[in-house]
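run29.cif follows; it contains mmCIF, N, CA and C atoms.
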```cif
data_query
loop_
_atom_site.group_PDB
_atom_site.id
_atom_site.type_symbol
_atom_site.label_atom_id
_atom_site.label_comp_id
_atom_site.auth_asym_id
_atom_site.auth_seq_id
_atom_site.Cartn_x
_atom_site.Cartn_y
_atom_site.Cartn_z
ATOM 1 N N PHE A 1 203.089 75.465 -6.921
ATOM 2 C CA PHE A 1 204.069 76.520 -7.198
ATOM 3 C C PHE A 1 205.471 75.934 -7.174
ATOM 4 N N ARG A 2 206.168 76.127 -8.263
ATOM 5 C CA ARG A 2 207.530 75.574 -8.370
ATOM 6 C C ARG A 2 208.532 76.700 -8.575
ATOM 7 N N ILE A 3 209.616 76.654 -7.863
ATOM 8 C CA ILE A 3 210.695 77.620 -8.090
ATOM 9 C C ILE A 3 211.605 77.039 -9.161
ATOM 10 N N LYS A 4 211.863 77.850 -10.165
ATOM 11 C CA LYS A 4 212.753 77.383 -11.242
ATOM 12 C C LYS A 4 214.196 77.468 -10.761
ATOM 13 N N GLN A 5 214.878 76.349 -10.791
ATOM 14 C CA GLN A 5 216.253 76.328 -10.304
ATOM 15 C C GLN A 5 217.209 77.053 -11.249
ATOM 16 N N ASN A 6 216.876 77.066 -12.519
ATOM 17 C CA ASN A 6 217.803 77.674 -13.472
ATOM 18 C C ASN A 6 217.397 79.104 -13.830
ATOM 19 N N GLU A 7 216.542 79.707 -13.016
ATOM 20 C CA GLU A 7 216.121 81.076 -13.300
ATOM 21 C C GLU A 7 217.323 82.007 -13.156
ATOM 22 N N THR A 8 217.408 82.949 -14.048
ATOM 23 C CA THR A 8 218.560 83.845 -14.047
ATOM 24 C C THR A 8 218.141 85.233 -13.593
ATOM 25 N N SER A 9 219.100 85.968 -13.094
ATOM 26 C CA SER A 9 218.791 87.310 -12.608
ATOM 27 C C SER A 9 219.163 88.358 -13.652
ATOM 28 N N SER A 10 218.567 89.521 -13.494
ATOM 29 C CA SER A 10 218.885 90.609 -14.418
ATOM 30 C C SER A 10 220.345 91.042 -14.259
ATOM 31 N N GLU A 11 220.892 90.818 -13.076
ATOM 32 C CA GLU A 11 222.302 91.157 -12.846
ATOM 33 C C GLU A 11 223.211 90.283 -13.711
ATOM 34 N N ASP A 12 222.878 88.982 -13.785
ATOM 35 C CA ASP A 12 223.649 88.073 -14.643
ATOM 36 C C ASP A 12 223.613 88.553 -16.089
ATOM 37 N N TRP A 13 222.418 88.921 -16.549
ATOM 38 C CA TRP A 13 222.264 89.352 -17.937
ATOM 39 C C TRP A 13 222.964 90.684 -18.196
ATOM 40 N N SER A 14 223.009 91.561 -17.195
ATOM 41 C CA SER A 14 223.676 92.851 -17.422
ATOM 42 C C SER A 14 225.180 92.651 -17.623
ATOM 43 N N ILE A 15 225.724 91.628 -16.963
ATOM 44 C CA ILE A 15 227.149 91.299 -17.166
ATOM 45 C C ILE A 15 227.353 90.810 -18.601
ATOM 46 N N ILE A 16 226.456 89.940 -19.066
ATOM 47 C CA ILE A 16 226.534 89.440 -20.443
ATOM 48 C C ILE A 16 226.407 90.605 -21.422
ATOM 49 N N TYR A 17 225.461 91.492 -21.154
ATOM 50 C CA TYR A 17 225.231 92.655 -22.026
ATOM 51 C C TYR A 17 226.509 93.477 -22.179
ATOM 52 N N GLU A 18 227.231 93.653 -21.082
ATOM 53 C CA GLU A 18 228.473 94.430 -21.116
ATOM 54 C C GLU A 18 229.563 93.713 -21.918
ATOM 55 N N GLU A 19 229.543 92.387 -21.907
ATOM 56 C CA GLU A 19 230.614 91.607 -22.542
ATOM 57 C C GLU A 19 230.445 91.421 -24.044
ATOM 58 N N VAL A 20 229.196 91.422 -24.535
ATOM 59 C CA VAL A 20 228.986 91.095 -25.947
ATOM 60 C C VAL A 20 229.347 92.255 -26.864
ATOM 61 N N LEU A 21 229.591 91.901 -28.119
ATOM 62 C CA LEU A 21 229.847 92.915 -29.137
ATOM 63 C C LEU A 21 228.563 93.710 -29.392
ATOM 64 N N PRO A 22 228.690 94.940 -29.891
ATOM 65 C CA PRO A 22 227.506 95.779 -30.129
ATOM 66 C C PRO A 22 226.418 95.100 -30.960
ATOM 67 N N GLU A 23 226.807 94.269 -31.913
ATOM 68 C CA GLU A 23 225.840 93.594 -32.781
ATOM 69 C C GLU A 23 224.894 92.677 -32.000
ATOM 70 N N ALA A 24 225.326 92.208 -30.844
ATOM 71 C CA ALA A 24 224.532 91.235 -30.084
ATOM 72 C C ALA A 24 223.752 91.856 -28.927
ATOM 73 N N LYS A 25 223.908 93.142 -28.672
ATOM 74 C CA LYS A 25 223.280 93.765 -27.495
ATOM 75 C C LYS A 25 221.751 93.693 -27.536
ATOM 76 N N ASN A 26 221.132 93.943 -28.693
ATOM 77 C CA ASN A 26 219.671 93.870 -28.771
ATOM 78 C C ASN A 26 219.171 92.453 -28.505
ATOM 79 N N LEU A 27 219.899 91.469 -29.017
ATOM 80 C CA LEU A 27 219.521 90.076 -28.793
ATOM 81 C C LEU A 27 219.617 89.735 -27.306
ATOM 82 N N VAL A 28 220.678 90.169 -26.645
ATOM 83 C CA VAL A 28 220.837 89.895 -25.214
ATOM 84 C C VAL A 28 219.687 90.525 -24.423
ATOM 85 N N LYS A 29 219.276 91.729 -24.805
ATOM 86 C CA LYS A 29 218.126 92.366 -24.139
ATOM 87 C C LYS A 29 216.889 91.493 -24.269
ATOM 88 N N ALA A 30 216.635 90.975 -25.474
ATOM 89 C CA ALA A 30 215.464 90.124 -25.703
ATOM 90 C C ALA A 30 215.569 88.822 -24.910
ATOM 91 N N LEU A 31 216.740 88.208 -24.911
ATOM 92 C CA LEU A 31 216.937 86.947 -24.185
ATOM 93 C C LEU A 31 216.744 87.138 -22.682
ATOM 94 N N SER A 32 217.173 88.273 -22.169
ATOM 95 C CA SER A 32 217.115 88.507 -20.721
ATOM 96 C C SER A 32 215.678 88.590 -20.212
ATOM 97 N N LYS A 33 214.730 88.858 -21.099
ATOM 98 C CA LYS A 33 213.325 88.954 -20.698
ATOM 99 C C LYS A 33 212.678 87.574 -20.532
ATOM 100 N N ALA A 34 213.306 86.537 -21.062
ATOM 101 C CA ALA A 34 212.795 85.169 -20.930
ATOM 102 C C ALA A 34 213.544 84.511 -19.775
ATOM 103 N N ASN A 35 212.943 84.546 -18.588
ATOM 104 C CA ASN A 35 213.715 84.178 -17.393
ATOM 105 C C ASN A 35 214.070 82.702 -17.272
ATOM 106 N N GLN A 36 213.541 81.845 -18.150
ATOM 107 C CA GLN A 36 213.931 80.435 -18.074
ATOM 108 C C GLN A 36 215.239 80.163 -18.815
ATOM 109 N N ILE A 37 215.701 81.132 -19.578
ATOM 110 C CA ILE A 37 216.901 80.908 -20.399
ATOM 111 C C ILE A 37 218.155 81.045 -19.538
ATOM 112 N N PRO A 38 218.994 80.014 -19.558
ATOM 113 C CA PRO A 38 220.238 80.082 -18.781
ATOM 114 C C PRO A 38 221.216 81.093 -19.387
ATOM 115 N N ILE A 39 222.122 81.546 -18.563
ATOM 116 C CA ILE A 39 223.131 82.509 -18.996
ATOM 117 C C ILE A 39 224.100 81.815 -19.958
ATOM 118 N N PRO A 40 224.365 82.436 -21.115
ATOM 119 C CA PRO A 40 225.303 81.829 -22.067
ATOM 120 C C PRO A 40 226.753 82.206 -21.746
ATOM 121 N N THR A 41 227.653 81.509 -22.403
ATOM 122 C CA THR A 41 229.063 81.884 -22.397
ATOM 123 C C THR A 41 229.242 82.876 -23.541
ATOM 124 N N VAL A 42 230.091 83.879 -23.352
ATOM 125 C CA VAL A 42 230.312 84.890 -24.385
ATOM 126 C C VAL A 42 231.656 84.652 -25.067
ATOM 127 N N GLY A 43 231.649 84.717 -26.416
ATOM 128 C CA GLY A 43 232.893 84.674 -27.187
ATOM 129 C C GLY A 43 233.695 83.407 -27.014
ATOM 130 N N LYS A 44 233.108 82.286 -27.376
ATOM 131 C CA LYS A 44 233.804 81.006 -27.223
ATOM 132 C C LYS A 44 233.873 80.278 -28.559
ATOM 133 N N GLU A 45 234.990 79.601 -28.787
ATOM 134 C CA GLU A 45 235.154 78.829 -30.019
ATOM 135 C C GLU A 45 234.394 77.516 -29.925
ATOM 136 N N ILE A 46 233.864 77.097 -31.065
ATOM 137 C CA ILE A 46 233.224 75.787 -31.160
ATOM 138 C C ILE A 46 234.222 74.862 -31.841
ATOM 139 N N VAL A 47 234.457 73.712 -31.222
ATOM 140 C CA VAL A 47 235.412 72.744 -31.765
ATOM 141 C C VAL A 47 234.697 71.434 -32.057
ATOM 142 N N ASP A 48 235.266 70.661 -32.985
ATOM 143 C CA ASP A 48 234.693 69.348 -33.286
ATOM 144 C C ASP A 48 235.349 68.284 -32.397
ATOM 145 N N GLN A 49 235.028 67.014 -32.668
ATOM 146 C CA GLN A 49 235.564 65.935 -31.831
ATOM 147 C C GLN A 49 237.088 65.858 -31.848
ATOM 148 N N LYS A 50 237.680 66.350 -32.933
ATOM 149 C CA LYS A 50 239.140 66.317 -33.048
ATOM 150 C C LYS A 50 239.782 67.580 -32.481
ATOM 151 N N GLN A 51 238.952 68.402 -31.819
ATOM 152 C CA GLN A 51 239.391 69.672 -31.236
ATOM 153 C C GLN A 51 239.840 70.694 -32.286
ATOM 154 N N THR A 52 239.344 70.525 -33.512
ATOM 155 C CA THR A 52 239.590 71.506 -34.568
ATOM 156 C C THR A 52 238.604 72.652 -34.383
ATOM 157 N N VAL A 53 239.113 73.877 -34.377
ATOM 158 C CA VAL A 53 238.238 75.033 -34.208
ATOM 159 C C VAL A 53 237.424 75.237 -35.486
ATOM 160 N N LEU A 54 236.097 75.248 -35.333
ATOM 161 C CA LEU A 54 235.208 75.450 -36.479
ATOM 162 C C LEU A 54 234.872 76.924 -36.663
ATOM 163 N N GLY A 55 234.830 77.655 -35.578
ATOM 164 C CA GLY A 55 234.506 79.075 -35.626
ATOM 165 C C GLY A 55 234.195 79.576 -34.246
ATOM 166 N N GLU A 56 233.890 80.880 -34.155
ATOM 167 C CA GLU A 56 233.620 81.464 -32.849
ATOM 168 C C GLU A 56 232.160 81.866 -32.722
ATOM 169 N N ALA A 57 231.609 81.566 -31.570
ATOM 170 C CA ALA A 57 230.240 81.956 -31.254
ATOM 171 C C ALA A 57 230.275 83.159 -30.324
ATOM 172 N N GLU A 58 229.388 84.109 -30.542
ATOM 173 C CA GLU A 58 229.295 85.249 -29.627
ATOM 174 C C GLU A 58 228.577 84.823 -28.342
ATOM 175 N N LEU A 59 227.519 84.036 -28.489
ATOM 176 C CA LEU A 59 226.793 83.488 -27.337
ATOM 177 C C LEU A 59 226.740 81.974 -27.502
ATOM 178 N N LEU A 60 226.969 81.252 -26.416
ATOM 179 C CA LEU A 60 227.067 79.802 -26.517
ATOM 180 C C LEU A 60 226.441 79.150 -25.289
ATOM 181 N N TRP A 61 225.546 78.206 -25.554
ATOM 182 C CA TRP A 61 224.978 77.362 -24.506
ATOM 183 C C TRP A 61 225.499 75.961 -24.788
ATOM 184 N N GLU A 62 226.632 75.628 -24.223
ATOM 185 C CA GLU A 62 227.317 74.389 -24.569
ATOM 186 C C GLU A 62 226.478 73.148 -24.256
ATOM 187 N N ASN A 63 225.837 73.104 -23.092
ATOM 188 C CA ASN A 63 225.061 71.919 -22.723
ATOM 189 C C ASN A 63 223.805 71.766 -23.582
ATOM 190 N N LEU A 64 223.323 72.859 -24.187
ATOM 191 C CA LEU A 64 222.149 72.791 -25.067
ATOM 192 C C LEU A 64 222.547 72.662 -26.540
ATOM 193 N N LYS A 65 223.839 72.807 -26.823
ATOM 194 C CA LYS A 65 224.359 72.747 -28.201
ATOM 195 C C LYS A 65 223.699 73.805 -29.093
ATOM 196 N N ILE A 66 223.584 75.023 -28.552
ATOM 197 C CA ILE A 66 223.032 76.152 -29.300
ATOM 198 C C ILE A 66 224.024 77.300 -29.213
ATOM 199 N N ALA A 67 224.224 77.981 -30.345
ATOM 200 C CA ALA A 67 225.135 79.118 -30.364
ATOM 201 C C ALA A 67 224.607 80.207 -31.292
ATOM 202 N N VAL A 68 225.014 81.442 -31.003
ATOM 203 C CA VAL A 68 224.679 82.587 -31.841
ATOM 204 C C VAL A 68 225.989 83.138 -32.399
ATOM 205 N N LEU A 69 226.023 83.274 -33.719
ATOM 206 C CA LEU A 69 227.230 83.723 -34.417
ATOM 207 C C LEU A 69 227.063 85.169 -34.873
ATOM 208 N N ILE A 70 228.198 85.866 -34.972
ATOM 209 C CA ILE A 70 228.161 87.219 -35.541
ATOM 210 C C ILE A 70 228.781 87.214 -36.926
ATOM 211 N N GLU A 71 230.013 86.752 -37.028
ATOM 212 C CA GLU A 71 230.692 86.823 -38.326
ATOM 213 C C GLU A 71 230.871 85.470 -38.978
ATOM 214 N N ASP A 72 231.399 84.534 -38.228
ATOM 215 C CA ASP A 72 231.691 83.229 -38.802
ATOM 216 C C ASP A 72 230.422 82.576 -39.327
ATOM 217 N N ASN A 73 230.553 81.947 -40.477
ATOM 218 C CA ASN A 73 229.438 81.193 -41.025
ATOM 219 C C ASN A 73 229.951 79.772 -41.228
ATOM 220 N N PHE A 74 229.558 78.882 -40.350
ATOM 221 C CA PHE A 74 230.057 77.508 -40.426
ATOM 222 C C PHE A 74 228.969 76.576 -39.911
ATOM 223 N N THR A 75 229.203 75.289 -40.082
ATOM 224 C CA THR A 75 228.295 74.304 -39.517
ATOM 225 C C THR A 75 229.077 73.487 -38.506
ATOM 226 N N ALA A 76 228.375 72.997 -37.516
ATOM 227 C CA ALA A 76 229.001 72.161 -36.499
ATOM 228 C C ALA A 76 228.031 71.023 -36.203
ATOM 229 N N GLU A 77 228.507 69.815 -36.378
ATOM 230 C CA GLU A 77 227.656 68.640 -36.213
ATOM 231 C C GLU A 77 227.044 68.601 -34.814
ATOM 232 N N GLY A 78 225.724 68.443 -34.764
ATOM 233 C CA GLY A 78 225.039 68.353 -33.487
ATOM 234 C C GLY A 78 224.655 69.698 -32.876
ATOM 235 N N TRP A 79 225.091 70.784 -33.483
ATOM 236 C CA TRP A 79 224.814 72.122 -32.965
ATOM 237 C C TRP A 79 223.704 72.804 -33.755
ATOM 238 N N THR A 80 222.939 73.651 -33.059
ATOM 239 C CA THR A 80 221.993 74.541 -33.710
ATOM 240 C C THR A 80 222.626 75.929 -33.666
ATOM 241 N N LEU A 81 222.908 76.479 -34.840
ATOM 242 C CA LEU A 81 223.589 77.769 -34.927
ATOM 243 C C LEU A 81 222.650 78.825 -35.482
ATOM 244 N N PHE A 82 222.634 79.971 -34.827
ATOM 245 C CA PHE A 82 221.837 81.106 -35.278
ATOM 246 C C PHE A 82 222.765 82.252 -35.616
ATOM 247 N N HIS A 83 222.328 83.121 -36.502
ATOM 248 C CA HIS A 83 223.060 84.351 -36.756
ATOM 249 C C HIS A 83 222.442 85.425 -35.873
ATOM 250 N N VAL A 84 223.248 86.355 -35.414
ATOM 251 C CA VAL A 84 222.799 87.396 -34.494
ATOM 252 C C VAL A 84 221.637 88.222 -35.056
ATOM 253 N N GLU A 85 221.494 88.245 -36.392
ATOM 254 C CA GLU A 85 220.421 89.032 -37.025
ATOM 255 C C GLU A 85 219.075 88.313 -37.047
ATOM 256 N N GLU A 86 219.046 87.039 -36.623
ATOM 257 C CA GLU A 86 217.783 86.296 -36.666
ATOM 258 C C GLU A 86 216.798 86.835 -35.638
ATOM 259 N N VAL A 87 215.532 86.507 -35.852
ATOM 260 C CA VAL A 87 214.475 86.980 -34.965
ATOM 261 C C VAL A 87 214.704 86.434 -33.550
ATOM 262 N N PRO A 88 214.837 87.324 -32.556
ATOM 263 C CA PRO A 88 215.102 86.844 -31.185
ATOM 264 C C PRO A 88 214.084 85.812 -30.702
ATOM 265 N N GLN A 89 212.820 85.979 -31.063
ATOM 266 C CA GLN A 89 211.799 85.047 -30.585
ATOM 267 C C GLN A 89 212.056 83.626 -31.084
ATOM 268 N N HIS A 90 212.586 83.498 -32.299
ATOM 269 C CA HIS A 90 212.914 82.181 -32.845
ATOM 270 C C HIS A 90 214.027 81.530 -32.018
ATOM 271 N N ILE A 91 215.029 82.318 -31.663
ATOM 272 C CA ILE A 91 216.145 81.803 -30.858
ATOM 273 C C ILE A 91 215.632 81.414 -29.473
ATOM 274 N N ILE A 92 214.794 82.273 -28.872
ATOM 275 C CA ILE A 92 214.240 82.005 -27.537
ATOM 276 C C ILE A 92 213.417 80.718 -27.555
ATOM 277 N N GLU A 93 212.558 80.561 -28.560
ATOM 278 C CA GLU A 93 211.720 79.352 -28.647
ATOM 279 C C GLU A 93 212.579 78.093 -28.766
ATOM 280 N N THR A 94 213.632 78.164 -29.565
ATOM 281 C CA THR A 94 214.519 77.007 -29.729
ATOM 282 C C THR A 94 215.212 76.674 -28.413
ATOM 283 N N LEU A 95 215.679 77.699 -27.695
ATOM 284 C CA LEU A 95 216.326 77.475 -26.400
ATOM 285 C C LEU A 95 215.342 76.833 -25.418
ATOM 286 N N LEU A 96 214.130 77.353 -25.352
ATOM 287 C CA LEU A 96 213.141 76.812 -24.412
ATOM 288 C C LEU A 96 212.774 75.371 -24.758
ATOM 289 N N GLU A 97 212.666 75.069 -26.052
ATOM 290 C CA GLU A 97 212.384 73.696 -26.474
ATOM 291 C C GLU A 97 213.506 72.764 -26.040
ATOM 292 N N ARG A 98 214.745 73.195 -26.247
ATOM 293 C CA ARG A 98 215.903 72.371 -25.899
ATOM 294 C C ARG A 98 216.016 72.181 -24.387
ATOM 295 N N ILE A 99 215.690 73.216 -23.617
ATOM 296 C CA ILE A 99 215.736 73.121 -22.162
ATOM 297 C C ILE A 99 214.719 72.092 -21.675
ATOM 298 N N ALA A 100 213.563 72.067 -22.317
ATOM 299 C CA ALA A 100 212.472 71.187 -21.897
ATOM 300 C C ALA A 100 212.761 69.710 -22.157
ATOM 301 N N LEU A 101 213.711 69.407 -23.022
ATOM 302 C CA LEU A 101 214.011 68.003 -23.361
ATOM 303 C C LEU A 101 214.647 67.268 -22.184
#
```
Let me see the structure of the file written as C-alpha cells.
Amino acid sequence: FRIKQNETSSEDWSIIYEEVLPEAKNLVKALSKANQIPIPTVGKEIVDQKQTVLGEAELLWENLKIAVLIEDNFTAEGWTLFHVEEVPQHIIETLLERIAL
C-alpha cells in the first residue's frame, strides 16, 4: 500500500473550480475525479525562451508542460496544448502519462 504524495483534495479542486472561466468548469469537474492529477495554475501566460508571451492558458501544469486553452490558438515548443472543448478523458490520460514519466 502506497500513499500518493501528489494526491489532491476536493477542497483544492473547488478553489480551482471557482477561479476558472465558465467554459472550463465542466473540465475541472472531470479532472477533479482523477485524484492523481496535480492542481493546475489558473489563467497563466505561456512564454518562450525569449520571454515572449505566446498566449494564455486557462489551466496550466508548468512542470508537465501541459496546458488547456480557451480562446488563444497558438503553439508552444515543448508544450502539449489542449482546447477546453476536447474530451476530458483524453486530457486526463495525457496528464497521467506525463506524470508517470
Please evaluate the PyMOL selection byres (((chain A and resi 67 and name CA) around 10) and name CA) against the displayed coordinates and give the resulting residues as a PDB file with N, CA and C atoms, in the coordinates of the input.
```pdb
ATOM      1  N   PRO A  40     224.365  82.436 -21.115  1.00  0.00           N
ATOM      2  CA  PRO A  40     225.303  81.829 -22.067  1.00  0.00           C
ATOM      3  C   PRO A  40     226.753  82.206 -21.746  1.00  0.00           C
ATOM      4  N   THR A  41     227.653  81.509 -22.403  1.00  0.00           N
ATOM      5  CA  THR A  41     229.063  81.884 -22.397  1.00  0.00           C
ATOM      6  C   THR A  41     229.242  82.876 -23.541  1.00  0.00           C
ATOM      7  N   VAL A  42     230.091  83.879 -23.352  1.00  0.00           N
ATOM      8  CA  VAL A  42     230.312  84.890 -24.385  1.00  0.00           C
ATOM      9  C   VAL A  42     231.656  84.652 -25.067  1.00  0.00           C
ATOM     10  N   LYS A  44     233.108  82.286 -27.376  1.00  0.00           N
ATOM     11  CA  LYS A  44     233.804  81.006 -27.223  1.00  0.00           C
ATOM     12  C   LYS A  44     233.873  80.278 -28.559  1.00  0.00           C
ATOM     13  N   ILE A  46     233.864  77.097 -31.065  1.00  0.00           N
ATOM     14  CA  ILE A  46     233.224  75.787 -31.160  1.00  0.00           C
ATOM     15  C   ILE A  46     234.222  74.862 -31.841  1.00  0.00           C
ATOM     16  N   GLU A  56     233.890  80.880 -34.155  1.00  0.00           N
ATOM     17  CA  GLU A  56     233.620  81.464 -32.849  1.00  0.00           C
ATOM     18  C   GLU A  56     232.160  81.866 -32.722  1.00  0.00           C
ATOM     19  N   ALA A  57     231.609  81.566 -31.570  1.00  0.00           N
ATOM     20  CA  ALA A  57     230.240  81.956 -31.254  1.00  0.00           C
ATOM     21  C   ALA A  57     230.275  83.159 -30.324  1.00  0.00           C
ATOM     22  N   GLU A  58     229.388  84.109 -30.542  1.00  0.00           N
ATOM     23  CA  GLU A  58     229.295  85.249 -29.627  1.00  0.00           C
ATOM     24  C   GLU A  58     228.577  84.823 -28.342  1.00  0.00           C
ATOM     25  N   LEU A  59     227.519  84.036 -28.489  1.00  0.00           N
ATOM     26  CA  LEU A  59     226.793  83.488 -27.337  1.00  0.00           C
ATOM     27  C   LEU A  59     226.740  81.974 -27.502  1.00  0.00           C
ATOM     28  N   LEU A  60     226.969  81.252 -26.416  1.00  0.00           N
ATOM     29  CA  LEU A  60     227.067  79.802 -26.517  1.00  0.00           C
ATOM     30  C   LEU A  60     226.441  79.150 -25.289  1.00  0.00           C
ATOM     31  N   TRP A  61     225.546  78.206 -25.554  1.00  0.00           N
ATOM     32  CA  TRP A  61     224.978  77.362 -24.506  1.00  0.00           C
ATOM     33  C   TRP A  61     225.499  75.961 -24.788  1.00  0.00           C
ATOM     34  N   GLU A  62     226.632  75.628 -24.223  1.00  0.00           N
ATOM     35  CA  GLU A  62     227.317  74.389 -24.569  1.00  0.00           C
ATOM     36  C   GLU A  62     226.478  73.148 -24.256  1.00  0.00           C
ATOM     37  N   LEU A  64     223.323  72.859 -24.187  1.00  0.00           N
ATOM     38  CA  LEU A  64     222.149  72.791 -25.067  1.00  0.00           C
ATOM     39  C   LEU A  64     222.547  72.662 -26.540  1.00  0.00           C
ATOM     40  N   LYS A  65     223.839  72.807 -26.823  1.00  0.00           N
ATOM     41  CA  LYS A  65     224.359  72.747 -28.201  1.00  0.00           C
ATOM     42  C   LYS A  65     223.699  73.805 -29.093  1.00  0.00           C
ATOM     43  N   ILE A  66     223.584  75.023 -28.552  1.00  0.00           N
ATOM     44  CA  ILE A  66     223.032  76.152 -29.300  1.00  0.00           C
ATOM     45  C   ILE A  66     224.024  77.300 -29.213  1.00  0.00           C
ATOM     46  N   VAL A  68     225.014  81.442 -31.003  1.00  0.00           N
ATOM     47  CA  VAL A  68     224.679  82.587 -31.841  1.00  0.00           C
ATOM     48  C   VAL A  68     225.989  83.138 -32.399  1.00  0.00           C
ATOM     49  N   LEU A  69     226.023  83.274 -33.719  1.00  0.00           N
ATOM     50  CA  LEU A  69     227.230  83.723 -34.417  1.00  0.00           C
ATOM     51  C   LEU A  69     227.063  85.169 -34.873  1.00  0.00           C
ATOM     52  N   TRP A  79     225.091  70.784 -33.483  1.00  0.00           N
ATOM     53  CA  TRP A  79     224.814  72.122 -32.965  1.00  0.00           C
ATOM     54  C   TRP A  79     223.704  72.804 -33.755  1.00  0.00           C
ATOM     55  N   THR A  80     222.939  73.651 -33.059  1.00  0.00           N
ATOM     56  CA  THR A  80     221.993  74.541 -33.710  1.00  0.00           C
ATOM     57  C   THR A  80     222.626  75.929 -33.666  1.00  0.00           C
ATOM     58  N   LEU A  81     222.908  76.479 -34.840  1.00  0.00           N
ATOM     59  CA  LEU A  81     223.589  77.769 -34.927  1.00  0.00           C
ATOM     60  C   LEU A  81     222.650  78.825 -35.482  1.00  0.00           C
ATOM     61  N   PHE A  82     222.634  79.971 -34.827  1.00  0.00           N
ATOM     62  CA  PHE A  82     221.837  81.106 -35.278  1.00  0.00           C
ATOM     63  C   PHE A  82     222.765  82.252 -35.616  1.00  0.00           C
ATOM     64  N   HIS A  83     222.328  83.121 -36.502  1.00  0.00           N
ATOM     65  CA  HIS A  83     223.060  84.351 -36.756  1.00  0.00           C
ATOM     66  C   HIS A  83     222.442  85.425 -35.873  1.00  0.00           C
ATOM     67  N   VAL A  84     223.248  86.355 -35.414  1.00  0.00           N
ATOM     68  CA  VAL A  84     222.799  87.396 -34.494  1.00  0.00           C
ATOM     69  C   VAL A  84     221.637  88.222 -35.056  1.00  0.00           C
ATOM     70  N   ILE A  91     215.029  82.318 -31.663  1.00  0.00           N
ATOM     71  CA  ILE A  91     216.145  81.803 -30.858  1.00  0.00           C
ATOM     72  C   ILE A  91     215.632  81.414 -29.473  1.00  0.00           C
ATOM     73  N   LEU A  95     215.679  77.699 -27.695  1.00  0.00           N
ATOM     74  CA  LEU A  95     216.326  77.475 -26.400  1.00  0.00           C
ATOM     75  C   LEU A  95     215.342  76.833 -25.418  1.00  0.00           C
TER      76      LEU A  95
END
```
Practice item. Using atom C of Trp13 of chain A and atom CA of Gly43 of chain A as the two end points, give the distance in Å to one decimal. Key: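 Atom-to-atom, atom C of Trp13 of chain A to atom CA of Gly43 of chain A, that is 14.7 Å.
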Point to revise | Evaluate the PyMOL selection byres (((chain A and resi 87-89 and name CA) around 9) and name CA) and report residues as JSON, numbers by chain | key: {"A": [26, 27, 28, 30, 31, 84, 85, 86, 90, 91, 92, 93, 94]}
Review point. If you measure from atom N of Thr75 of chain A to atom C of Ile15 of chain A, what distance in Å do you get, rounded to one decimal?
Key: 26.6 Å
Point to revise | DSSP-assigned strand (DSSP E or B) members of segment 18-67 of chain A, reported as a PyMOL selection string | key: chain A and resi 41-47+53-61+66-67
**Study point:** Given only C-alpha atoms as the counted atoms, nearest of A:Glu23, A:Asp12, A:Asp48, A:Glu18 to Asn35 of chain A
**Key:**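 Among the listed residues, A:Asp12 lies closest to Asn35 of chain A.
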